[in-house]
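K.L.:
Here you go, input-v8.txt (compact mmCIF, C-alpha atoms):
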```
# COMPACT_ATOMS: atom_id res chain seq x y z
CA MET A 1394 -6.29 13.49 -3.42
CA LEU A 1395 -4.92 10.35 -1.81
CA ASP A 1396 -8.15 8.41 -2.34
CA ILE A 1397 -7.34 8.32 -6.07
CA ALA A 1398 -3.60 7.99 -5.53
CA GLU A 1399 -3.05 5.04 -7.85
CA GLU A 1400 -4.41 6.86 -10.91
CA LEU A 1401 -2.80 10.20 -10.01
CA ASN A 1402 0.56 8.53 -9.39
CA HIS A 1403 0.31 7.16 -12.94
CA TRP A 1404 -0.36 10.67 -14.20
CA THR A 1405 2.63 12.16 -12.37
CA ARG A 1406 4.95 9.47 -13.75
CA GLN A 1407 3.76 10.48 -17.22
CA GLY A 1408 4.48 14.14 -16.42
CA ARG A 1409 0.85 15.23 -16.81
CA ASP A 1410 -0.43 18.49 -15.37
CA PHE A 1411 -3.73 18.21 -13.56
CA ALA A 1412 -6.04 19.95 -11.12
CA VAL A 1413 -7.54 18.13 -8.18
CA ALA A 1414 -10.75 19.01 -6.36
CA THR A 1415 -10.87 17.70 -2.78
CA VAL A 1416 -13.76 17.66 -0.33
CA VAL A 1417 -12.57 19.70 2.66
CA ALA A 1418 -15.66 19.76 4.89
CA VAL A 1419 -19.22 18.46 4.77
CA GLY A 1420 -22.54 19.09 6.45
CA GLY A 1421 -25.90 17.34 6.37
CA SER A 1422 -26.38 14.40 4.03
CA ALA A 1423 -23.40 15.07 1.78
CA PRO A 1424 -22.64 11.89 -0.18
CA ARG A 1425 -18.81 11.93 0.03
CA ARG A 1426 -16.49 12.37 2.99
CA PRO A 1427 -13.57 14.81 3.45
CA GLY A 1428 -10.68 13.67 1.28
CA ALA A 1429 -12.86 12.48 -1.62
CA ALA A 1430 -11.38 13.84 -4.82
CA LEU A 1431 -11.96 14.46 -8.50
CA ALA A 1432 -9.03 15.23 -10.80
CA VAL A 1433 -8.90 16.59 -14.35
CA ASP A 1434 -5.77 16.57 -16.50
CA SER A 1435 -4.79 19.06 -19.16
CA GLY A 1436 -6.34 16.86 -21.83
CA GLY A 1437 -9.75 16.90 -20.12
CA THR A 1438 -9.65 13.36 -18.70
CA ALA A 1439 -11.45 13.12 -15.34
CA ILE A 1440 -11.15 10.55 -12.56
CA GLY A 1441 -12.73 10.30 -9.11
CA SER A 1442 -15.80 11.92 -7.63
CA VAL A 1443 -16.63 14.55 -5.01
CA SER A 1444 -20.41 14.30 -4.80
CA GLY A 1445 -21.65 11.12 -6.40
CA GLY A 1446 -22.86 13.13 -9.40
CA CYS A 1447 -24.61 16.17 -7.90
CA VAL A 1448 -21.99 18.80 -8.71
CA GLU A 1449 -19.43 16.96 -10.81
CA GLY A 1450 -20.01 19.13 -13.89
CA ALA A 1451 -19.42 22.39 -12.05
CA VAL A 1452 -16.33 21.00 -10.28
CA TYR A 1453 -14.96 19.75 -13.60
CA GLU A 1454 -15.16 23.30 -14.95
CA LEU A 1455 -13.42 24.67 -11.84
CA CYS A 1456 -10.59 22.20 -12.37
CA GLN A 1457 -10.17 23.27 -15.99
CA GLN A 1458 -10.10 26.91 -14.90
CA ALA A 1459 -7.48 26.16 -12.23
CA LEU A 1460 -5.28 24.52 -14.84
CA THR A 1461 -5.54 27.67 -16.95
CA ASP A 1462 -4.99 30.39 -14.35
CA GLY A 1463 -3.00 28.49 -11.70
CA GLU A 1464 -5.24 29.68 -8.88
CA THR A 1465 -6.58 27.66 -5.97
CA VAL A 1466 -10.33 27.98 -5.41
CA LEU A 1467 -12.37 27.14 -2.33
CA GLN A 1468 -16.06 26.75 -3.16
CA ARG A 1469 -19.14 25.69 -1.28
CA PHE A 1470 -21.91 23.68 -2.89
CA GLY A 1471 -25.23 23.22 -1.15
CA TYR A 1472 -28.94 22.64 -1.49
CA SER A 1473 -30.89 25.53 -2.97
CA ASP A 1474 -34.68 25.66 -2.96
CA GLU A 1475 -34.60 27.87 -6.05
CA ASP A 1476 -32.13 25.77 -7.99
CA ALA A 1477 -32.23 22.34 -6.40
CA PHE A 1478 -31.72 20.39 -9.59
CA ALA A 1479 -29.10 22.62 -11.18
CA VAL A 1480 -25.72 23.09 -9.51
CA GLY A 1481 -26.33 21.93 -5.97
CA LEU A 1482 -26.76 18.97 -3.71
CA THR A 1483 -30.33 17.81 -4.02
CA CYS A 1484 -29.78 15.45 -1.08
CA GLY A 1485 -29.77 18.49 1.22
CA GLY A 1486 -26.08 18.44 2.16
CA VAL A 1487 -23.34 21.04 1.97
CA ILE A 1488 -19.76 20.45 0.87
CA ASP A 1489 -16.70 22.70 0.73
CA ILE A 1490 -14.35 21.81 -2.12
CA LEU A 1491 -10.74 22.89 -2.58
CA VAL A 1492 -9.59 22.99 -6.20
CA THR A 1493 -5.81 23.04 -6.63
CA PRO A 1494 -3.69 22.88 -9.80
CA VAL A 1495 -0.70 20.50 -9.71
CA ARG A 1496 1.49 21.59 -12.56
CA ALA A 1497 5.16 21.38 -13.48
CA GLY A 1498 7.04 23.99 -11.44
CA ASP A 1499 4.36 24.38 -8.76
CA PRO A 1500 5.95 24.41 -5.27
CA ALA A 1501 3.68 21.64 -3.99
CA ARG A 1502 4.17 19.26 -6.90
CA PRO A 1503 7.24 17.35 -5.58
CA VAL A 1504 5.55 16.82 -2.23
CA CYS A 1505 2.30 15.73 -3.89
CA GLU A 1506 4.23 13.33 -6.11
CA ALA A 1507 5.91 11.75 -3.07
CA ALA A 1508 2.57 11.47 -1.26
CA LEU A 1509 0.88 9.87 -4.27
CA ALA A 1510 3.73 7.40 -4.74
CA ALA A 1511 3.57 6.38 -1.08
CA ALA A 1512 -0.20 6.00 -1.05
CA ALA A 1513 -0.26 4.12 -4.36
CA SER A 1514 2.23 1.59 -2.99
CA GLY A 1515 0.16 1.01 0.14
CA GLU A 1516 2.44 2.92 2.51
CA ALA A 1517 1.05 5.08 5.30
CA ALA A 1518 1.20 8.77 4.39
CA ALA A 1519 -0.42 12.03 5.50
CA LEU A 1520 -0.49 15.01 3.14
CA ALA A 1521 -1.09 18.47 4.67
CA ARG A 1522 -2.15 21.31 2.38
CA VAL A 1523 -3.10 24.89 3.21
CA VAL A 1524 -6.79 25.57 2.57
CA SER A 1525 -6.79 29.21 3.63
CA GLY A 1526 -4.36 31.63 5.22
CA PRO A 1527 -1.63 34.11 4.26
CA ALA A 1528 -1.02 34.24 0.51
CA GLU A 1529 2.64 33.24 0.82
CA LEU A 1530 1.66 29.90 2.36
CA LEU A 1531 -0.77 28.90 -0.37
CA GLY A 1532 0.41 26.22 -2.74
CA ARG A 1533 2.70 24.66 -0.13
CA ALA A 1534 2.40 21.13 1.16
CA LEU A 1535 3.93 18.87 3.77
CA LEU A 1536 4.07 15.08 3.76
CA VAL A 1537 4.42 12.91 6.85
CA ARG A 1538 5.40 9.25 6.57
CA PRO A 1539 6.38 6.91 9.40
CA ASP A 1540 9.87 5.47 9.33
CA ALA A 1541 11.90 3.31 11.69
CA ALA A 1542 12.85 6.31 13.81
CA GLY A 1543 9.39 7.81 14.08
CA GLU A 1544 7.62 10.25 11.80
CA ARG A 1545 9.44 11.69 8.79
CA ALA A 1546 8.31 14.98 7.23
CA ILE A 1547 8.96 16.01 3.63
CA GLY A 1548 8.41 19.50 2.27
CA GLY A 1549 7.00 22.36 4.26
CA PHE A 1550 5.21 25.67 4.15
CA GLY A 1551 8.23 27.97 3.93
CA ALA A 1552 7.10 30.12 6.85
CA HIS A 1553 7.88 29.96 10.57
CA PRO A 1554 9.69 26.64 11.30
CA GLU A 1555 7.37 26.03 14.24
CA LEU A 1556 4.44 25.88 11.81
CA ASP A 1557 6.04 22.95 9.99
CA ARG A 1558 6.80 21.16 13.27
CA THR A 1559 3.31 21.68 14.63
CA VAL A 1560 1.55 20.60 11.44
CA ALA A 1561 3.85 17.58 11.15
CA GLY A 1562 2.92 16.54 14.68
CA GLU A 1563 -0.79 17.02 14.06
CA ALA A 1564 -0.57 15.19 10.73
CA ALA A 1565 1.17 12.28 12.46
CA ALA A 1566 -1.75 12.07 14.89
CA PHE A 1567 -4.22 12.09 11.99
CA LEU A 1568 -2.18 9.35 10.35
CA ASP A 1569 -2.17 7.19 13.48
CA ALA A 1570 -5.95 7.34 13.53
CA GLY A 1571 -6.36 7.00 9.76
CA ARG A 1572 -8.30 10.29 9.76
CA THR A 1573 -8.76 13.00 7.16
CA GLY A 1574 -9.89 16.47 8.18
CA THR A 1575 -8.88 20.08 8.78
CA LEU A 1576 -7.04 21.84 11.58
CA GLU A 1577 -6.87 25.49 12.47
CA ILE A 1578 -3.52 26.95 13.54
CA GLY A 1579 -1.61 30.23 13.66
CA GLU A 1580 1.01 30.88 10.99
CA GLN A 1581 3.72 30.68 13.67
CA GLY A 1582 2.65 27.23 14.74
CA SER A 1583 0.35 28.08 17.63
CA ARG A 1584 -2.33 30.68 18.26
CA CYS A 1585 0.10 33.37 17.17
CA GLY A 1586 -0.02 35.00 13.77
CA ALA A 1587 -2.63 34.96 11.06
CA PRO A 1588 -4.98 31.96 11.09
CA VAL A 1589 -4.20 29.08 8.77
CA THR A 1590 -6.53 26.22 7.84
CA VAL A 1591 -4.78 23.01 6.83
CA LEU A 1592 -6.36 19.97 5.20
CA VAL A 1593 -4.72 16.72 6.33
CA GLU A 1594 -5.41 13.67 4.16
CA SER A 1595 -4.40 10.28 5.52
CA SER A 1596 -3.77 7.19 3.45
CA VAL A 1597 -3.25 4.07 5.50
CA PRO A 1598 -3.09 0.35 4.75
CA PRO A 1599 -6.46 -1.44 4.84
CA PRO A 1600 -7.85 -2.02 8.35
CA ARG A 1601 -7.44 -5.54 9.65
CA MET A 1602 -10.20 -8.04 10.26
CA ILE A 1603 -9.08 -11.11 12.19
CA VAL A 1604 -11.56 -13.97 12.13
CA PHE A 1605 -10.96 -16.60 14.81
CA GLY A 1606 -12.55 -19.95 14.05
CA ALA A 1607 -12.34 -21.65 10.63
CA ILE A 1608 -16.03 -22.53 10.34
CA ASP A 1609 -18.51 -22.14 7.50
CA PHE A 1610 -19.71 -18.79 8.89
CA ALA A 1611 -16.10 -17.58 8.76
CA SER A 1612 -15.92 -18.26 5.03
CA ALA A 1613 -18.88 -15.94 4.39
CA LEU A 1614 -17.47 -13.31 6.78
CA VAL A 1615 -14.14 -13.34 4.94
CA ARG A 1616 -15.92 -12.47 1.70
CA VAL A 1617 -17.87 -9.64 3.30
CA GLY A 1618 -14.76 -8.35 5.06
CA LYS A 1619 -12.89 -8.19 1.78
CA PHE A 1620 -15.85 -6.40 0.18
CA LEU A 1621 -15.64 -3.76 2.94
CA GLY A 1622 -11.95 -3.24 2.24
CA HIS A 1623 -10.38 -5.12 5.16
CA HIS A 1624 -7.18 -7.10 5.16
CA VAL A 1625 -8.62 -10.40 6.42
CA THR A 1626 -6.82 -13.02 8.48
CA VAL A 1627 -8.33 -16.37 9.48
CA CYS A 1628 -6.86 -18.00 12.58
CA ASP A 1629 -7.62 -21.46 13.96
CA ALA A 1630 -5.59 -23.97 15.96
CA ARG A 1631 -6.88 -26.87 13.84
CA PRO A 1632 -4.87 -27.35 10.63
CA VAL A 1633 -7.51 -29.56 9.05
CA PHE A 1634 -9.95 -26.62 8.96
CA ALA A 1635 -7.66 -23.61 8.47
CA THR A 1636 -6.78 -24.23 4.83
CA ARG A 1637 -6.44 -22.13 1.69
CA ALA A 1638 -8.95 -24.37 -0.06
CA ARG A 1639 -11.64 -23.42 2.46
CA PHE A 1640 -10.73 -19.71 2.58
CA PRO A 1641 -9.42 -18.75 -0.88
CA GLU A 1642 -10.24 -15.06 -0.44
CA ALA A 1643 -8.47 -14.58 2.91
CA ASP A 1644 -5.27 -12.54 2.86
CA GLU A 1645 -3.71 -14.74 5.53
CA ILE A 1646 -4.45 -18.10 7.11
CA VAL A 1647 -2.80 -18.82 10.45
CA VAL A 1648 -2.71 -22.19 12.20
CA GLU A 1649 -2.11 -21.30 15.84
CA TRP A 1650 -3.91 -21.03 19.13
CA PRO A 1651 -5.94 -17.83 18.78
CA HIS A 1652 -4.72 -16.06 21.92
CA LYS A 1653 -1.10 -16.89 21.09
CA TYR A 1654 -1.49 -15.37 17.63
CA LEU A 1655 -3.21 -12.28 18.99
CA GLU A 1656 -0.37 -11.77 21.47
CA ARG A 1657 2.19 -11.46 18.68
CA THR A 1658 0.33 -9.86 15.79
CA ARG A 1659 -0.09 -6.16 15.04
CA VAL A 1660 -3.42 -4.49 15.82
CA ASP A 1661 -4.51 -0.87 15.98
CA GLY A 1662 -7.53 1.33 16.56
CA ARG A 1663 -9.15 0.23 13.28
CA THR A 1664 -8.76 -3.54 13.79
CA VAL A 1665 -11.88 -5.69 14.17
CA LEU A 1666 -11.77 -9.04 15.94
CA CYS A 1667 -14.49 -11.60 15.23
CA VAL A 1668 -14.49 -14.65 17.50
CA LEU A 1669 -16.55 -17.41 15.88
CA THR A 1670 -15.20 -20.45 17.75
CA HIS A 1671 -17.85 -20.40 20.56
CA ASP A 1672 -15.68 -22.88 22.46
CA ALA A 1673 -14.59 -21.84 25.96
CA LYS A 1674 -11.09 -23.28 25.67
CA PHE A 1675 -10.45 -20.95 22.72
CA ASP A 1676 -12.74 -18.04 23.56
CA VAL A 1677 -11.86 -17.28 27.15
CA PRO A 1678 -8.08 -16.76 26.86
CA LEU A 1679 -8.60 -14.99 23.54
CA LEU A 1680 -11.24 -12.57 24.81
CA GLU A 1681 -9.33 -11.90 28.02
CA LEU A 1682 -6.59 -10.42 25.83
CA ALA A 1683 -8.79 -8.95 23.10
CA LEU A 1684 -10.93 -6.87 25.47
CA ARG A 1685 -7.80 -5.14 26.77
CA LEU A 1686 -6.44 -4.17 23.37
CA PRO A 1687 -7.06 -0.77 21.69
CA VAL A 1688 -9.06 -2.21 18.79
CA ALA A 1689 -12.23 -0.94 17.13
CA TYR A 1690 -14.49 -3.95 17.62
CA VAL A 1691 -14.58 -7.26 19.49
CA GLY A 1692 -17.47 -9.60 18.72
CA ALA A 1693 -18.07 -13.20 19.76
CA MET A 1694 -20.49 -15.74 18.31
CA GLY A 1695 -22.68 -17.97 20.42
CA SER A 1696 -26.14 -18.45 21.87
CA ARG A 1697 -27.32 -16.33 24.77
CA ARG A 1698 -26.60 -19.25 27.07
CA THR A 1699 -23.07 -19.47 25.68
CA HIS A 1700 -22.70 -15.73 26.15
CA LEU A 1701 -23.74 -15.87 29.82
CA ASP A 1702 -21.39 -18.75 30.52
CA ARG A 1703 -18.55 -16.94 28.72
CA ASP A 1704 -19.18 -13.76 30.70
CA ARG A 1705 -19.06 -15.71 33.95
CA ARG A 1706 -15.76 -17.35 33.02
CA LEU A 1707 -14.25 -14.02 31.99
CA ARG A 1708 -15.27 -12.39 35.28
CA GLU A 1709 -13.72 -15.27 37.20
CA ILE A 1710 -10.33 -14.63 35.61
CA GLY A 1711 -10.45 -10.91 36.36
CA VAL A 1712 -11.95 -9.25 33.29
CA SER A 1713 -13.55 -6.02 34.50
CA GLU A 1714 -17.06 -4.78 33.82
CA PRO A 1715 -15.87 -1.91 31.60
CA GLU A 1716 -13.83 -4.41 29.60
CA LEU A 1717 -16.79 -6.78 29.29
CA ALA A 1718 -18.94 -3.87 28.11
CA ARG A 1719 -16.77 -3.70 24.98
CA LEU A 1720 -17.80 -7.20 23.92
CA ARG A 1721 -20.43 -7.51 21.18
CA SER A 1722 -22.09 -10.80 22.04
CA PRO A 1723 -24.07 -12.46 20.64
CA ILE A 1724 -22.28 -11.05 17.62
CA GLY A 1725 -24.09 -9.03 14.93
CA LEU A 1726 -27.29 -7.04 14.52
CA ASP A 1727 -30.73 -8.60 14.74
CA LEU A 1728 -31.54 -9.24 11.08
CA GLY A 1729 -33.17 -12.60 11.66
CA ALA A 1730 -30.14 -14.13 9.93
CA ARG A 1731 -30.05 -17.89 9.32
CA THR A 1732 -27.49 -18.72 6.64
CA PRO A 1733 -23.74 -18.08 6.91
CA GLU A 1734 -24.07 -15.27 4.36
CA GLU A 1735 -26.92 -13.61 6.26
CA THR A 1736 -24.98 -13.95 9.50
CA ALA A 1737 -21.89 -12.42 7.90
CA LEU A 1738 -24.05 -9.50 6.74
CA SER A 1739 -25.36 -9.11 10.30
CA ILE A 1740 -21.82 -9.00 11.69
CA ALA A 1741 -20.62 -6.59 9.03
CA ALA A 1742 -23.59 -4.29 9.68
CA GLU A 1743 -22.70 -4.15 13.38
CA ILE A 1744 -19.07 -3.39 12.56
CA VAL A 1745 -20.08 -0.50 10.30
CA ALA A 1746 -22.58 0.81 12.87
CA ALA A 1747 -19.92 0.70 15.59
CA ARG A 1748 -17.45 2.53 13.37
CA ARG A 1749 -19.84 5.21 12.16
CA GLY A 1750 -22.01 5.63 15.25
CA GLY A 1751 -25.16 4.20 13.70
CA SER A 1752 -28.11 2.95 15.73
CA GLY A 1753 -28.74 -0.18 13.68
CA VAL A 1754 -32.45 0.60 13.37
CA SER A 1755 -34.33 1.01 10.09
CA LEU A 1756 -34.00 4.45 8.52
CA THR A 1757 -37.65 4.29 7.48
CA GLY A 1758 -39.58 6.38 9.96
CA ALA A 1759 -36.49 7.16 12.01
CA HIS A 1760 -35.52 10.70 12.97
CA THR A 1761 -31.79 10.08 13.10
CA PRO A 1762 -29.11 11.39 10.72
CA ILE A 1763 -28.26 9.18 7.76
CA HIS A 1764 -24.56 10.03 8.17
CA HIS A 1765 -23.55 10.02 11.84
CA ASP A 1766 -19.95 11.18 11.67
CA THR A 1767 -20.51 14.46 9.86
CA ALA A 1768 -19.62 17.85 11.27
CA PRO A 1769 -20.79 21.28 10.12
CA PRO A 1770 -18.49 22.71 7.45
CA ARG A 1771 -16.38 25.72 8.20
CA GLN A 1772 -18.02 29.01 7.37
CA VAL A 1773 -16.67 30.10 4.01
CA SER A 1774 -18.05 32.19 1.23
CA SER A 1775 -19.75 30.47 -1.65
CA THR A 1776 -16.74 31.02 -3.91
CA ARG A 1777 -13.44 32.29 -2.61
CA ARG A 1778 -10.18 32.66 -4.49
CA ILE A 1779 -7.44 32.17 -1.93
CA GLY A 1780 -4.33 32.73 -3.98
CA SER A 1781 -2.11 31.47 -6.75
CA VAL A 1782 0.15 28.45 -6.73
CA ALA A 1783 1.86 29.38 -9.97
```
Have the structure of the file written as structure tokens, please.

P.N.:
Amino acid sequence: MLDIAEELNHWTRQGRDFAVATVVAVGGSAPRRPGAALAVDSGGTAIGSVSGGCVEGAVYELCQQALTDGETVLQRFGYSDEDAFAVGLTCGGVIDILVTPVRAGDPARPVCEAALAAAASGEAAALARVVSGPAELLGRALLVRPDAAGERAIGGFGAHPELDRTVAGEAAAFLDAGRTGTLEIGEQGSRCGAPVTVLVESSVPPPRMIVFGAIDFASALVRVGKFLGHHVTVCDARPVFATRARFPEADEIVVEWPHKYLERTRVDGRTVLCVLTHDAKFDVPLLELALRLPVAYVGAMGSRRTHLDRDRRLREIGVSEPELARLRSPIGLDLGARTPEETALSIAAEIVAARRGGSGVSLTGAHTPIHHDTAPPRQVSSTRRIGSVA
């Protein structure tokens, strides 16, 4: 739901009723990830996508039905040899989709409205909704947002108070990691009670890309970083190079010694750091700090000779072998890149491969999965009505 928050927030402000279909779990080569959503309002307008086109028609009909009868539906769509080109995923994947009405008077609507408003404004938010479990819990939702004092929960499931506390804690962990997925828990907040499956959707600000070194390659990397959805900062100690005229698409331009800026700026487990200066006086103090931070990616540009010299200098100042092993240098995948744009593509490809667990080799002739971060979907029946939210 939160991946189409801007449009849905507009609908809620207009008072529209709608049903939203959300991918809960995937297996094989399913085209969309958990959290992908398609919504249909009472007038038949549709936004979003759950399968890239394979099953949109069938899901649209399920949404219309949910708006009529007020019932939540959990349905599996998968490849069928007998009916591969009808309702099914011809790519060979399997997806479980939760279809939920969000109508005036529904218990979950105020919580969903708050979650959509937060996500649409770029705030961090995690929305937890019951996928399956005791009937009295269905149609309930819980929202977790960080505030100055920690994590703040809104709403709840109206059952055992420990369930709300446990789900809020788990949702906060999902939010910290920017993850969307399901968790299994007992209705009393532990292993006790009937089993409950909860979908946690996280909406977080764009991940950061910090590009150190205001060179021509950096300009191309900024454009690619923006294309991939990053909030991009360019940092260089030389004011003559770090200018808005040279980097019009950057979100931020910082004139400061790179390691000094990195010491004071915010990073997290999704941040990528690209060091393009290939100058020891900048690189060494910067990488000494960068390799000890909990970031997703650290890459440094330079020839193999530059890389060996940089490694030696880093060892001399106490950087450990496990820390050095985190460094992607020379930066990027071997694409035979020459131009700044080709080099930026090479770097971006390595960042995506590192994030998703890809090998970086050609898919042609390979026997590796196309999607590396998939997990088998939970075992559910093909179509299962799991209660009413009316």

K.L.:
So the first atom is atom CA of Gly1692 of chain A and the second is atom CA of Arg1719 of chain A; what is the distance between them in Å, to one decimal place?

P.N.:
8.6 Å

K.L.:
Fewer than 5 positions away in the same chain doesn't count, so skip those; otherwise give me all residues within 9 Å of Arg1533 of chain A, counting all atoms listed in the file, as a list of chain:residue names.

P.N.:
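Returned residues: A:Asp1499, A:Pro1500, A:Ala1501, A:Arg1502, A:Val1504, A:Ala1521, A:Arg1522, A:Val1523, A:Gly1548, A:Gly1549, A:Phe1550, A:Gly1551, A:Val1782.
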
K.L.:
Determine, counting only C-alpha atoms, which protein, DNA and RNA residues have an atom within 6 Å of an atom of segment 1488-1493 of chain A; residues of the same chain fewer than 4 positions away are not included. Present the result as a list in words.

P.N.:
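Near neighbours after the sequence-gap exclusion: Ala1412, Val1413, Ala1414, Thr1415, Val1416, Val1417, Ala1418, Val1419, Thr1465, Val1466, Leu1467, Gln1468, Arg1469 and Phe1470 of chain A.
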
K.L.:
With all atoms listed in the file as the basis for distance, which of A:Pro1598, A:Ser1752, A:Thr1664, A:Phe1610 is at the shortest distance from Arg1639 of chain A?

P.N.:
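Nearest to Arg1639 of chain A: A:Phe1610.
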
K.L.:
Just to confirm, what's the straight-line distance from atom CA of Phe1640 of chain A to atom CA of Ala1613 of chain A in Å (one decimal)?

P.N.:
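Going from atom CA of Phe1640 of chain A over to atom CA of Ala1613 of chain A covers 9.2 Å.
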
K.L.:
May I ask which of the residues A:Ala1432, A:Met1394, A:Leu1536, A:Ala1643 is the closest one to Cys1456 of chain A, counting all atoms listed in the file?

P.N.:
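When distances to Cys1456 of chain A are compared using all atoms listed in the file, the smallest one comes from A:Ala1432.
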